[in-house]
$ cat my_file.txt   # compact mmCIF, C-alpha atoms
# COMPACT_ATOMS: atom_id res chain seq x y z
CA MET A 1 56.42 138.26 119.17
CA ALA A 2 58.59 139.04 116.17
CA HIS A 3 62.26 138.25 116.50
CA ALA A 4 64.90 140.86 115.71
CA PRO A 5 66.92 140.04 112.59
CA HIS A 6 70.53 139.13 113.17
CA ALA A 7 73.18 141.80 113.10
CA LYS A 8 75.26 142.11 109.96
CA VAL A 9 78.82 140.81 109.90
CA LEU A 10 81.83 142.62 108.50
CA PRO A 11 83.55 140.91 105.57
CA ALA A 12 86.98 139.42 106.17
CA ASP A 13 88.60 141.81 103.69
CA LEU A 14 88.32 145.43 104.84
CA SER A 15 90.65 146.90 102.22
CA ALA A 16 89.54 149.38 99.58
CA PRO A 17 87.67 147.79 96.64
CA PRO A 18 89.14 147.82 93.10
CA MET A 19 87.04 150.86 92.19
CA VAL A 20 89.41 153.07 94.21
CA ASN A 21 92.31 152.10 91.97
CA ALA A 22 90.07 152.92 89.00
CA TRP A 23 89.49 156.37 90.47
CA ARG A 24 93.23 156.93 90.52
CA ALA A 25 93.66 155.84 86.92
CA LYS A 26 90.80 158.05 85.70
CA ALA A 27 92.08 161.03 87.68
CA LEU A 28 95.53 160.73 86.13
CA MET A 29 94.03 160.55 82.62
CA VAL A 30 91.97 163.67 83.30
CA ALA A 31 95.09 165.44 84.60
CA VAL A 32 96.99 164.67 81.39
CA LEU A 33 94.10 165.79 79.18
CA PHE A 34 93.58 169.10 80.96
CA THR A 35 97.31 169.77 81.11
CA VAL A 36 97.27 169.77 77.33
CA CYS A 37 94.24 172.09 77.39
CA ALA A 38 96.01 174.47 79.79
CA VAL A 39 99.09 174.64 77.55
CA VAL A 40 96.98 175.31 74.45
CA LEU A 41 95.03 178.06 76.23
CA ALA A 42 98.26 179.73 77.36
CA PHE A 43 99.48 179.83 73.74
CA LEU A 44 96.14 181.21 72.53
CA ASP A 45 96.18 183.89 75.23
CA HIS A 46 99.87 184.75 74.62
CA SER A 47 100.23 185.09 78.39
CA MET A 48 100.85 183.12 81.56
CA GLU A 49 99.04 185.58 83.82
CA HIS A 50 95.86 183.54 84.14
CA VAL A 51 97.86 180.35 84.63
CA TYR A 52 99.35 181.90 87.78
CA ARG A 53 95.92 182.99 89.02
CA ALA A 54 94.33 179.64 88.24
CA TRP A 55 97.18 177.88 90.02
CA LEU A 56 96.32 179.88 93.14
CA LEU A 57 92.69 178.77 92.86
CA GLY A 58 93.78 175.15 92.56
CA LEU A 59 96.11 175.52 95.53
CA VAL A 60 93.42 176.99 97.79
CA LEU A 61 90.87 174.36 96.71
CA THR A 62 93.15 171.36 97.27
CA PHE A 63 94.54 172.93 100.45
CA GLY A 64 90.95 172.99 101.68
CA PHE A 65 90.59 169.27 101.08
CA ALA A 66 93.85 168.32 102.80
CA VAL A 67 93.87 170.65 105.79
CA GLY A 68 90.08 170.78 106.02
CA GLY A 69 90.07 166.98 106.12
CA LEU A 70 92.48 167.13 109.05
CA ALA A 71 90.26 169.67 110.81
CA LEU A 72 87.06 167.66 110.33
CA LEU A 73 88.90 164.57 111.58
CA MET A 74 89.76 166.45 114.78
CA VAL A 75 86.18 167.67 115.09
CA GLN A 76 85.03 164.06 114.91
CA TYR A 77 87.43 162.99 117.64
CA VAL A 78 86.16 165.77 119.90
CA THR A 79 82.44 165.24 119.24
CA GLY A 80 82.30 161.46 118.73
CA GLY A 81 79.39 159.83 116.90
CA LYS A 82 78.84 157.03 114.41
CA TRP A 83 79.65 159.25 111.46
CA GLY A 84 83.30 159.03 112.47
CA LEU A 85 83.36 155.31 111.74
CA LEU A 86 82.21 156.03 108.20
CA LEU A 87 84.36 159.07 107.42
CA ARG A 88 87.49 158.50 109.52
CA ARG A 89 89.51 156.67 106.87
CA PRO A 90 88.55 159.09 104.05
CA LEU A 91 89.42 162.07 106.27
CA GLU A 92 92.75 160.51 107.24
CA ALA A 93 93.51 159.88 103.58
CA MET A 94 92.70 163.52 102.78
CA SER A 95 95.04 164.76 105.50
CA ARG A 96 97.89 162.62 104.16
CA THR A 97 97.77 164.46 100.83
CA LEU A 98 99.51 167.39 102.53
CA PRO A 99 102.89 166.77 100.78
CA LEU A 100 101.27 167.45 97.41
CA ILE A 101 99.80 170.72 98.71
CA ILE A 102 103.22 171.78 99.97
CA GLY A 103 104.55 171.17 96.46
CA TYR A 104 101.77 173.32 94.98
CA TRP A 105 102.59 176.09 97.48
CA LEU A 106 106.32 176.01 96.69
CA ILE A 107 105.58 176.40 92.99
CA MET A 108 103.25 179.34 93.70
CA GLY A 109 105.96 181.00 95.79
CA LEU A 110 108.27 181.04 92.79
CA PHE A 111 105.93 183.39 90.91
CA MET A 112 104.48 185.35 93.85
CA LYS A 113 105.48 188.65 92.21
CA LYS A 114 103.04 187.86 89.40
CA LEU A 115 100.20 187.72 91.92
CA TYR A 116 100.92 190.03 94.82
CA LEU A 117 101.54 193.77 94.56
CA TRP A 118 103.28 193.78 97.95
CA ALA A 119 105.81 191.24 96.64
CA LEU A 120 106.44 193.19 93.43
CA ILE A 121 106.75 196.67 94.92
CA SER A 122 109.78 197.08 97.17
CA ASN A 123 109.61 200.88 97.33
CA PRO A 124 105.98 202.12 97.43
CA GLU A 125 106.97 205.81 97.37
CA GLU A 126 108.80 205.48 94.07
CA ALA A 127 106.06 203.30 92.63
CA LEU A 128 103.48 205.93 93.61
CA LYS A 129 105.46 208.72 91.95
CA ALA A 130 105.77 206.60 88.80
CA GLY A 131 101.99 206.08 88.75
CA ARG A 132 102.24 202.31 89.13
CA ILE A 133 100.09 202.20 92.27
CA THR A 134 97.44 204.36 93.95
CA ASP A 135 97.74 206.34 97.18
CA ALA A 136 95.72 203.71 99.05
CA GLU A 137 97.94 200.90 97.75
CA ALA A 138 101.13 202.75 98.64
CA HIS A 139 99.86 203.41 102.15
CA ALA A 140 98.77 199.78 102.65
CA ILE A 141 102.04 198.33 101.33
CA ALA A 142 104.08 200.58 103.60
CA TRP A 143 102.06 199.88 106.74
CA LYS A 144 101.68 196.14 106.13
CA HIS A 145 105.28 195.57 105.09
CA ALA A 146 106.20 193.88 108.37
CA MET A 147 103.73 191.11 107.52
CA LEU A 148 103.39 191.27 103.76
CA ASN A 149 106.87 190.66 102.38
CA PRO A 150 108.47 187.67 100.60
CA THR A 151 110.50 186.58 103.63
CA SER A 152 107.42 186.47 105.87
CA PHE A 153 105.53 184.61 103.14
CA TRP A 154 108.07 181.79 103.21
CA VAL A 155 108.60 181.73 106.97
CA VAL A 156 104.92 181.81 107.93
CA GLY A 157 104.04 179.25 105.29
CA ALA A 158 106.80 176.90 106.43
CA ILE A 159 105.68 177.17 110.06
CA CYS A 160 102.05 176.53 109.15
CA PHE A 161 102.81 173.48 107.03
CA ALA A 162 105.21 172.09 109.65
CA ILE A 163 102.48 172.22 112.31
CA PHE A 164 99.86 170.81 109.94
CA ALA A 165 102.28 167.98 109.14
CA PHE A 166 102.85 167.30 112.84
CA TYR A 167 99.13 166.88 113.51
CA THR A 168 98.69 164.82 110.36
CA VAL A 169 101.46 162.39 111.27
CA ARG A 170 100.46 162.26 114.92
CA LEU A 171 96.77 161.55 114.39
CA ASN A 172 97.35 159.06 111.58
CA SER A 173 99.98 157.11 113.53
CA LEU A 174 97.88 157.04 116.70
CA SER A 175 94.92 155.80 114.69
CA MET A 176 96.88 152.73 113.60
CA GLN A 177 98.12 152.15 117.16
CA ARG A 178 94.54 152.25 118.37
CA GLU A 179 93.55 149.74 115.71
CA LYS A 180 96.10 147.25 117.07
CA ASP A 181 94.86 147.71 120.65
CA THR A 182 91.89 146.01 122.29
CA LEU A 183 88.38 147.40 122.55
CA ALA A 184 88.76 147.44 126.34
CA ASN A 185 91.21 150.37 126.05
CA THR A 186 88.75 152.50 124.07
CA PRO A 187 88.22 155.09 126.88
CA TYR A 188 91.97 155.74 126.94
CA TRP A 189 92.09 156.36 123.21
CA ILE A 190 88.98 158.53 123.22
CA LYS A 191 90.50 160.79 125.87
CA LYS A 192 93.88 160.89 124.10
CA PHE A 193 92.36 161.91 120.77
CA GLU A 194 90.14 164.49 122.46
CA ASN A 195 93.13 166.11 124.18
CA ILE A 196 95.12 166.33 120.95
CA SER A 197 92.24 167.39 118.74
CA GLY A 198 90.67 169.98 121.03
CA PHE A 199 93.77 172.17 121.03
CA GLY A 200 94.49 171.16 117.43
CA ILE A 201 91.23 172.71 116.20
CA LEU A 202 92.23 176.05 117.72
CA VAL A 203 95.72 175.81 116.19
CA TYR A 204 94.23 174.88 112.81
CA SER A 205 91.90 177.87 112.88
CA LEU A 206 94.77 180.31 113.49
CA LEU A 207 97.15 178.76 110.96
CA MET A 208 94.53 178.37 108.26
CA THR A 209 93.57 182.03 108.71
CA ALA A 210 97.22 183.05 108.30
CA CYS A 211 97.48 181.05 105.08
CA VAL A 212 94.39 182.54 103.43
CA LEU A 213 95.41 186.05 104.50
CA TYR A 214 98.71 185.66 102.66
CA TRP A 215 97.38 183.73 99.68
CA VAL A 216 93.97 185.26 98.93
CA MET A 217 93.12 188.31 101.02
CA SER A 218 96.44 190.07 100.28
CA LEU A 219 95.76 189.92 96.53
CA ASP A 220 94.06 193.25 97.24
CA VAL A 221 96.53 194.87 99.60
CA THR A 222 93.96 197.49 100.68
CA TRP A 223 91.26 194.98 101.64
CA TYR A 224 90.59 193.78 105.17
CA SER A 225 87.82 191.83 106.86
CA SER A 226 87.57 190.55 110.41
CA ILE A 227 85.50 187.56 109.31
CA TYR A 228 87.65 186.47 106.36
CA GLY A 229 89.40 183.53 108.05
CA LEU A 230 86.13 182.20 109.44
CA LEU A 231 84.62 182.27 105.95
CA PHE A 232 87.36 179.96 104.70
CA LEU A 233 87.16 177.76 107.79
CA VAL A 234 83.49 177.02 107.19
CA GLY A 235 84.09 176.84 103.43
CA GLU A 236 86.63 174.07 103.95
CA GLY A 237 84.14 172.11 106.04
CA TYR A 238 81.61 172.63 103.21
CA GLN A 239 83.87 171.14 100.55
CA VAL A 240 85.48 168.43 102.71
CA LEU A 241 82.14 167.05 103.86
CA ALA A 242 80.98 166.99 100.23
CA MET A 243 84.11 165.05 99.17
CA ALA A 244 83.79 162.65 102.12
CA MET A 245 80.15 162.00 101.25
CA ILE A 246 81.01 161.28 97.62
CA THR A 247 83.64 158.81 98.82
CA ALA A 248 81.46 157.05 101.37
CA LEU A 249 78.37 156.79 99.17
CA THR A 250 80.34 155.54 96.18
CA LEU A 251 82.24 153.01 98.31
CA SER A 252 78.91 151.67 99.58
CA LYS A 253 78.49 149.93 96.23
CA ALA A 254 81.06 147.39 97.43
CA GLU A 255 82.29 145.89 100.68
CA PRO A 256 83.05 146.82 103.39
CA PHE A 257 81.06 150.07 103.16
CA LYS A 258 78.11 148.19 101.70
CA THR A 259 77.71 146.58 105.11
CA ILE A 260 78.28 149.56 107.39
CA LEU A 261 76.60 152.44 105.53
CA ARG A 262 72.98 152.38 106.64
CA GLY A 263 70.22 154.69 105.50
CA THR A 264 70.06 156.29 108.96
CA GLU A 265 73.67 157.46 108.88
CA GLN A 266 73.37 158.54 105.24
CA TYR A 267 70.38 160.71 106.10
CA ASP A 268 72.14 162.20 109.13
CA MET A 269 75.20 163.12 107.08
CA GLY A 270 72.91 164.72 104.51
CA LYS A 271 71.61 166.94 107.29
CA PHE A 272 75.21 167.68 108.26
CA MET A 273 75.84 168.90 104.71
CA PHE A 274 72.73 171.06 104.93
CA ALA A 275 74.05 172.68 108.14
CA PHE A 276 77.33 173.64 106.46
CA VAL A 277 75.44 175.14 103.50
CA MET A 278 73.45 177.31 105.91
CA LEU A 279 76.46 178.36 107.98
CA ASN A 280 78.52 179.13 104.88
CA MET A 281 75.91 181.50 103.51
CA TYR A 282 75.24 183.05 106.91
CA LEU A 283 78.89 184.11 107.26
CA ALA A 284 79.12 185.44 103.71
CA PHE A 285 75.99 187.52 104.26
CA SER A 286 77.30 188.71 107.64
CA GLN A 287 80.43 190.12 106.02
CA PHE A 288 78.37 191.89 103.37
CA LEU A 289 75.91 193.26 105.94
CA ILE A 290 78.67 194.66 108.18
CA ILE A 291 80.38 196.44 105.27
CA TRP A 292 77.09 197.65 103.79
CA SER A 293 75.96 199.13 107.12
CA GLY A 294 79.36 200.81 107.63
CA ASN A 295 79.24 202.30 104.11
CA LEU A 296 82.87 203.41 104.22
CA PRO A 297 84.42 204.32 100.83
CA GLU A 298 87.62 202.34 101.45
CA GLU A 299 85.64 199.16 102.23
CA ILE A 300 83.04 199.08 99.46
CA VAL A 301 85.56 199.02 96.58
CA TRP A 302 86.08 195.28 97.10
CA TYR A 303 82.38 194.67 96.44
CA GLN A 304 82.23 197.20 93.60
CA ASN A 305 84.96 195.23 91.81
CA ARG A 306 82.65 192.19 91.99
CA ILE A 307 79.40 193.91 91.07
CA LEU A 308 80.20 196.44 88.34
CA GLY A 309 81.34 195.78 84.79
CA GLY A 310 79.44 192.52 84.37
CA TRP A 311 80.66 190.91 87.58
CA GLY A 312 77.22 191.31 89.12
CA THR A 313 76.05 188.37 87.01
CA MET A 314 78.87 186.21 88.33
CA LEU A 315 78.14 187.26 91.92
CA THR A 316 74.48 186.36 91.43
CA LEU A 317 75.44 182.98 90.01
CA ASP A 318 77.77 182.47 92.95
CA PHE A 319 74.85 183.08 95.31
CA LEU A 320 72.69 180.60 93.38
CA PHE A 321 75.40 177.94 93.00
CA HIS A 322 76.86 178.18 96.48
CA TRP A 323 73.69 178.43 98.54
CA VAL A 324 70.28 178.50 96.82
CA ILE A 325 70.69 175.28 94.81
CA PRO A 326 72.24 173.03 97.50
CA PHE A 327 69.98 174.57 100.16
CA SER A 328 66.84 173.89 98.11
CA LEU A 329 67.88 170.35 97.22
CA LEU A 330 68.98 169.33 100.71
CA LEU A 331 65.63 170.41 102.14
CA SER A 332 64.22 167.22 100.60
CA LYS A 333 64.08 164.17 102.85
CA ASP A 334 63.79 161.89 99.84
CA LEU A 335 66.94 163.30 98.27
CA LYS A 336 68.98 162.74 101.43
CA ARG A 337 67.89 159.08 101.33
CA ASN A 338 68.83 158.67 97.66
CA LYS A 339 72.53 157.86 97.24
CA LYS A 340 72.81 158.84 93.60
CA ARG A 341 71.13 162.22 94.08
CA LEU A 342 73.07 162.98 97.25
CA ILE A 343 76.32 162.30 95.37
CA ARG A 344 75.23 164.74 92.65
CA VAL A 345 74.53 167.44 95.24
CA ALA A 346 77.95 166.86 96.85
CA GLN A 347 79.63 167.13 93.45
CA TRP A 348 77.75 170.34 92.79
CA MET A 349 78.91 171.77 96.13
CA ILE A 350 82.56 171.21 95.16
CA PHE A 351 81.97 172.92 91.81
CA ALA A 352 80.24 175.80 93.65
CA LYS A 353 83.21 176.17 95.98
CA ALA A 354 85.58 176.43 93.00
CA PHE A 355 83.28 179.00 91.36
CA ASP A 356 83.22 181.00 94.59
CA LEU A 357 87.03 181.06 94.62
CA LEU A 358 87.00 182.42 91.06
CA VAL A 359 84.82 185.33 92.20
CA LEU A 360 87.13 185.91 95.18
CA ILE A 361 90.38 185.80 93.18
CA GLU A 362 89.99 187.18 89.64
CA PRO A 363 88.50 190.67 90.39
CA ASN A 364 91.52 191.50 92.57
CA PHE A 365 93.55 192.14 89.41
CA LYS A 366 93.31 195.50 87.68
CA ASP A 367 92.57 194.09 84.25
CA ALA A 368 89.56 192.19 85.67
CA ALA A 369 88.20 194.49 88.41
CA LYS A 370 84.85 195.95 87.25
CA ASN A 371 85.66 194.45 83.87
CA LEU A 372 84.34 190.96 83.23
CA HIS A 373 85.42 190.02 79.73
CA PHE A 374 86.14 186.86 77.81
CA SER A 375 89.68 185.81 76.99
CA TRP A 376 91.33 182.49 76.30
CA GLY A 377 93.27 183.03 79.49
CA ILE A 378 90.24 183.09 81.74
CA LEU A 379 89.47 179.53 80.66
CA GLU A 380 92.61 178.56 82.59
CA TYR A 381 90.40 178.81 85.67
CA ALA A 382 88.78 175.61 84.41
CA ALA A 383 91.85 173.85 83.02
CA VAL A 384 94.55 174.40 85.66
CA PRO A 385 92.47 173.66 88.79
CA VAL A 386 91.11 170.50 87.15
CA VAL A 387 94.69 169.30 86.64
CA MET A 388 95.59 170.06 90.25
CA VAL A 389 92.44 168.53 91.70
CA SER A 390 92.83 165.44 89.50
CA LEU A 391 96.36 164.91 90.77
CA TRP A 392 95.06 165.40 94.29
CA VAL A 393 92.31 162.82 93.73
CA ALA A 394 94.87 160.33 92.44
CA TYR A 395 97.02 160.86 95.54
CA TYR A 396 93.92 160.68 97.77
CA ALA A 397 92.90 157.36 96.21
CA THR A 398 96.43 156.04 96.72
CA ASN A 399 96.26 156.92 100.42
CA LEU A 400 92.78 155.45 100.73
CA MET A 401 94.08 152.08 99.55
CA LYS A 402 96.84 151.93 102.17
CA ARG A 403 94.61 151.19 105.18
CA PRO A 404 91.54 149.09 106.03
CA LEU A 405 88.43 151.17 105.43
CA VAL A 406 86.83 150.23 108.75
CA GLN A 407 88.28 150.62 112.23
CA THR A 408 87.29 147.35 113.88
CA ASN A 409 87.76 148.39 117.52
CA ASP A 410 85.46 151.41 117.29
CA PRO A 411 82.75 151.29 119.99
CA HIS A 412 80.10 152.31 117.45
CA LEU A 413 80.78 149.35 115.18
CA ALA A 414 78.39 146.98 116.95
CA GLU A 415 75.60 149.55 116.77
CA ILE A 416 76.13 150.36 113.13
CA LEU A 417 76.01 146.67 112.23
CA GLU A 418 72.55 146.32 113.76
CA PRO A 419 69.61 146.22 111.33
CA GLU A 420 67.82 149.55 111.07
CA HIS A 421 64.32 148.28 111.75
CA ALA A 422 64.89 145.56 114.33
CA HIS A 423 61.90 144.84 116.56
CA ALA A 424 61.93 142.84 119.77
$ encode --input "my_file.txt" --output "C-alpha cells"
Amino acid sequence: MAHAPHAKVLPADLSAPPMVNAWRAKALMVAVLFTVCAVVLAFLDHSMEHVYRAWLLGLVLTFGFAVGGLALLMVQYVTGGKWGLLLRRPLEAMSRTLPLIIGYWLIMGLFMKKLYLWALISNPEEALKAGRITDAEAHAIAWKHAMLNPTSFWVVGAICFAIFAFYTVRLNSLSMQREKDTLANTPYWIKKFENISGFGILVYSLLMTACVLYWVMSLDVTWYSSIYGLLFLVGEGYQVLAMAMITALTLSKAEPFKTILRGTEQYDMGKFMFAFVMLNMYLAFSQFLIIWSGNLPEEIVWYQNRILGGWGTMLTLDFLFHWVIPFSLLLSKDLKRNKKRLIRVAQWMIFAKAFDLLVLIEPNFKDAAKNLHFSWGILEYAAVPVVMVSLWVAYYATNLMKRPLVQTNDPHLAEILEPEHAHA
C-alpha cells in the first residue's frame, strides 16, 4: 500500500517577500510618469474639465478596491472556507487603504460644482428661464434638493466613511488578537467574526449604495434606477476578487504563499471569478431589460446618450470587455489551472471595470452625450486614474508588508498544507 506523502511545513518567515516592496517602488514611478502625462494633456486641452471627470473615475475605482475589499472580507468571515486563508491578508490590506480614498473624496468635493448640476444650480427656476437647464432637470433638481445638495453630500459622505472606518479598524484589530490566541479558541472567534460581519454586510450595502448615488448616478440628475446600487455592489466584488487573485498568484512565486497556494484552491477561486463575471452581466442586462420593456421616454434617454453619436461602439466594446472576454476565457479548465494566464484574465477584468466606469460617467455631460469625439482631454481618463490607482497600489503594498501573510491559527491551515494527491 502506498504511503501518503508528508504534509508541507510553513516557513519560519511569514512576512511579505521583497517583491512586494518592488511593487510599491514601481507603482510610485508609474504615478510620477502619468502625473506628468496628465498635466501635459490638460495644457493641450486648455481645460480641466476632463481632469475632474477622470478624478471621479479614479475615486470610484479605488473606492471599490478599499471598501469592496472590506465587504469581501466580511463575506469570507460569514461563509468560511479555505479561500479565506489565502485572501484574508490581501483583503485586510485593501481595507486599510481607506484613508487614501477619503483624501481622494475630499479633493473631489472641492470641485463638485464642476461635476454635478444639482451642486451648481441653487435656483432651478431662474436657471430654467435663462435656458441653462431643461424642464426635466429643473423639476428633478427641485424635487431632489433635500438629498442632492452640497451639505448633504458632505454629511452623508462623512457618515459613510466613518462607519466604513469603524468596521475596518474593528475587523483588522480583532484579526491580530485572534492571531495571538490559541487554536482551541477558534469557535469563539468564528462566532465573533460572523456576528460582526453578518450585520456589516447589510450596512456596507446601504452605505455603498448611498455613495454611488451621490457620486455617479446623480451626474444625470434626471436618471434613476432601482438596481443601480446592486450593480456597483457586484462590480466591486468583480474587481476586488480580480485584484486579490493577482496578489495571491504573484505571491505564490515566493514563500509563504508558495507553500499554501495549491492548484485546488487556485482552480476554485478561478470559478469564483467566473461566478462574479456572470452575476455582473446578469444585473446589467436586468436593468436594460426592465427599462426597455417599460419604454418610457424619461427613462430611455440615459441609454440613448450611450448608444447614439458613436457611443454605441463604446457600449459594444464594454459588453465584450466586461463580460464576453472574461466569460469565454474562464470557461477553460486549463486556464484556471495556469497561474500566468489567470493573472492576465484578472488584470483584464480590472481594465474592463475601468472602461465600464468611463461609459457610465462621460456621457452624463452635455458635451459628450450622444457625441463621442476625440479630444486631448478625454485621454485624461487614462492618465488620471492610472495615477490614482498607482498611488493606491503603493499604499496597498505598504499595508501588505505590515503583517504576516498567513494566519497560523486558522483551522484550515492543516488541510491546506496537505499534499493534493495523497493516497492511503
$ atom_distance --input "my_file.txt" --atom1 "CA of Asn364 in chain A" --atom2 "CA of Glu49 in chain A"
13.0 Å
$ residues_near_point --input "my_file.txt" --point "(73.1, 166.8, 103.8)" --cutoff "10 Å" --atoms "all atoms listed in the file" --output "PyMOL selection string"
chain A and resi 241-242+245+266-277+326-327+329-333+335-337+342+345-346
$ atom_distance --input "my_file.txt" --atom1 "CA of Ala382 in chain A" --atom2 "CA of Thr398 in chain A"
24.4 Å
$ residues_around --input "my_file.txt" --residues "Met401 in chain A" --least-positions-apart "6" --cutoff "8 Å" --atoms "all atoms listed in the file" --output "NGL selection string"
:A and (15-16 or 20-21)
$ closest_residue --input "my_file.txt" --among "A:Arg403, A:Gly263, A:Met19, A:Leu230" --to "Ser173 in chain A" --atoms "only C-alpha atoms"
A:Arg403
$ atom_distance --input "my_file.txt" --atom1 "CA of Met74 in chain A" --atom2 "CA of Gly200 in chain A"
7.2 Å
$ closest_atom_pairs --input "my_file.txt" --of "range 138-232 of chain A" --to "range 96-119 of chain A" --cutoff "10 Å" --atoms "only C-alpha atoms" --output "Markdown table"
| residue | atom | partner | partner_atom | distance |
| --- | --- | --- | --- | --- |
| A:Ala138 | CA | A:Trp118 | CA | 9.2 |
| A:Ala140 | CA | A:Trp118 | CA | 8.9 |
| A:Ile141 | CA | A:Trp118 | CA | 5.8 |
| A:Ala142 | CA | A:Trp118 | CA | 8.9 |
| A:Lys144 | CA | A:Trp118 | CA | 8.7 |
| A:His145 | CA | A:Trp118 | CA | 7.6 |
| A:Met147 | CA | A:Trp118 | CA | 9.9 |
| A:Leu148 | CA | A:Trp118 | CA | 6.3 |
| A:Asn149 | CA | A:Ala119 | CA | 5.9 |
| A:Pro150 | CA | A:Ala119 | CA | 6.0 |
| A:Thr151 | CA | A:Ala119 | CA | 9.6 |
| A:Phe153 | CA | A:Gly109 | CA | 8.2 |
| A:Trp154 | CA | A:Gly109 | CA | 7.8 |
| A:Gly157 | CA | A:Trp105 | CA | 8.5 |
| A:Ala158 | CA | A:Ile102 | CA | 9.0 |
| A:Phe161 | CA | A:Ile102 | CA | 7.3 |
| A:Ala162 | CA | A:Ile102 | CA | 9.9 |
| A:Phe164 | CA | A:Leu98 | CA | 8.2 |
| A:Ala165 | CA | A:Leu98 | CA | 7.2 |
| A:Thr168 | CA | A:Arg96 | CA | 6.6 |
| A:Val169 | CA | A:Arg96 | CA | 8.0 |
| A:Asn172 | CA | A:Arg96 | CA | 8.2 |
| A:Tyr214 | CA | A:Tyr116 | CA | 9.2 |
| A:Trp215 | CA | A:Tyr116 | CA | 8.7 |
| A:Val216 | CA | A:Tyr116 | CA | 9.4 |
| A:Ser218 | CA | A:Tyr116 | CA | 7.1 |
| A:Leu219 | CA | A:Tyr116 | CA | 5.4 |
| A:Asp220 | CA | A:Tyr116 | CA | 8.0 |
| A:Val221 | CA | A:Trp118 | CA | 7.0 |
$ residues_near_point --input "my_file.txt" --point "(92.0, 184.0, 99.5)" --cutoff "9 Å" --atoms "all atoms listed in the file" --output "list in words"
Leu56, Leu57, Val60, Cys211, Val212, Leu213, Tyr214, Trp215, Val216, Met217, Ser218, Leu219, Tyr228, Gly229, Phe232, Leu357, Leu360 and Ile361 of chain A
$ closest_residue --input "my_file.txt" --among "A:Tyr167, A:Tyr238, A:Phe285, A:Tyr396" --to "Gln347 in chain A" --atoms "only C-alpha atoms"
A:Tyr238
$ closest_residue --input "my_file.txt" --among "A:Ile260, A:Leu283, A:Ala210, A:Met349" --to "Val234 in chain A" --atoms "all atoms listed in the file"
A:Leu283
$ residues_around --input "my_file.txt" --residues "Leu358 in chain A" --least-positions-apart "6" --cutoff "10 Å" --atoms "only C-alpha atoms" --output "list in words"
Arg53, Ala54, Leu56, Leu57, Met314, Asp318, Ala352, Ile378, Tyr381 and Ala382 of chain A
$ closest_residue --input "my_file.txt" --among "A:Ala244, A:Ala383, A:Ile350, A:Ala7" --to "Leu73 in chain A" --atoms "all atoms listed in the file"
A:Ala244
$ decode --input "my_file.txt" --residues "range 102-114 of chain A" --atoms "N, CA and C atoms" --output "PDB file, in the first residue's frame"
ATOM      1  N   ILE A 102     -10.462  58.458   1.322  1.00  0.00           N
ATOM      2  CA  ILE A 102     -11.075  59.633   1.938  1.00  0.00           C
ATOM      3  C   ILE A 102     -10.415  60.907   1.409  1.00  0.00           C
ATOM      4  N   GLY A 103      -9.100  60.867   1.247  1.00  0.00           N
ATOM      5  CA  GLY A 103      -8.389  62.004   0.677  1.00  0.00           C
ATOM      6  C   GLY A 103      -8.843  62.296  -0.743  1.00  0.00           C
ATOM      7  N   TYR A 104      -8.997  61.245  -1.560  1.00  0.00           N
ATOM      8  CA  TYR A 104      -9.498  61.422  -2.927  1.00  0.00           C
ATOM      9  C   TYR A 104     -10.889  62.057  -2.913  1.00  0.00           C
ATOM     10  N   TRP A 105     -11.738  61.602  -2.002  1.00  0.00           N
ATOM     11  CA  TRP A 105     -13.116  62.113  -1.916  1.00  0.00           C
ATOM     12  C   TRP A 105     -13.128  63.583  -1.508  1.00  0.00           C
ATOM     13  N   LEU A 106     -12.294  63.953  -0.549  1.00  0.00           N
ATOM     14  CA  LEU A 106     -12.233  65.348  -0.112  1.00  0.00           C
ATOM     15  C   LEU A 106     -11.827  66.270  -1.258  1.00  0.00           C
ATOM     16  N   ILE A 107     -10.871  65.813  -2.053  1.00  0.00           N
ATOM     17  CA  ILE A 107     -10.437  66.615  -3.203  1.00  0.00           C
ATOM     18  C   ILE A 107     -11.579  66.757  -4.198  1.00  0.00           C
ATOM     19  N   MET A 108     -12.306  65.663  -4.464  1.00  0.00           N
ATOM     20  CA  MET A 108     -13.430  65.731  -5.393  1.00  0.00           C
ATOM     21  C   MET A 108     -14.497  66.704  -4.887  1.00  0.00           C
ATOM     22  N   GLY A 109     -14.734  66.715  -3.587  1.00  0.00           N
ATOM     23  CA  GLY A 109     -15.739  67.604  -3.028  1.00  0.00           C
ATOM     24  C   GLY A 109     -15.441  69.062  -3.272  1.00  0.00           C
ATOM     25  N   LEU A 110     -14.164  69.393  -3.400  1.00  0.00           N
ATOM     26  CA  LEU A 110     -13.780  70.792  -3.626  1.00  0.00           C
ATOM     27  C   LEU A 110     -14.215  71.290  -4.999  1.00  0.00           C
ATOM     28  N   PHE A 111     -14.338  70.379  -5.974  1.00  0.00           N
ATOM     29  CA  PHE A 111     -14.772  70.815  -7.304  1.00  0.00           C
ATOM     30  C   PHE A 111     -16.087  70.137  -7.715  1.00  0.00           C
ATOM     31  N   MET A 112     -16.960  69.866  -6.741  1.00  0.00           N
ATOM     32  CA  MET A 112     -18.219  69.185  -7.055  1.00  0.00           C
ATOM     33  C   MET A 112     -19.084  69.971  -8.035  1.00  0.00           C
ATOM     34  N   LYS A 113     -18.983  71.318  -8.015  1.00  0.00           N
ATOM     35  CA  LYS A 113     -19.796  72.123  -8.920  1.00  0.00           C
ATOM     36  C   LYS A 113     -19.376  71.953 -10.378  1.00  0.00           C
ATOM     37  N   LYS A 114     -18.193  71.424 -10.598  1.00  0.00           N
ATOM     38  CA  LYS A 114     -17.732  71.148 -11.962  1.00  0.00           C
ATOM     39  C   LYS A 114     -18.320  69.840 -12.491  1.00  0.00           C
TER      40      LYS A 114
END
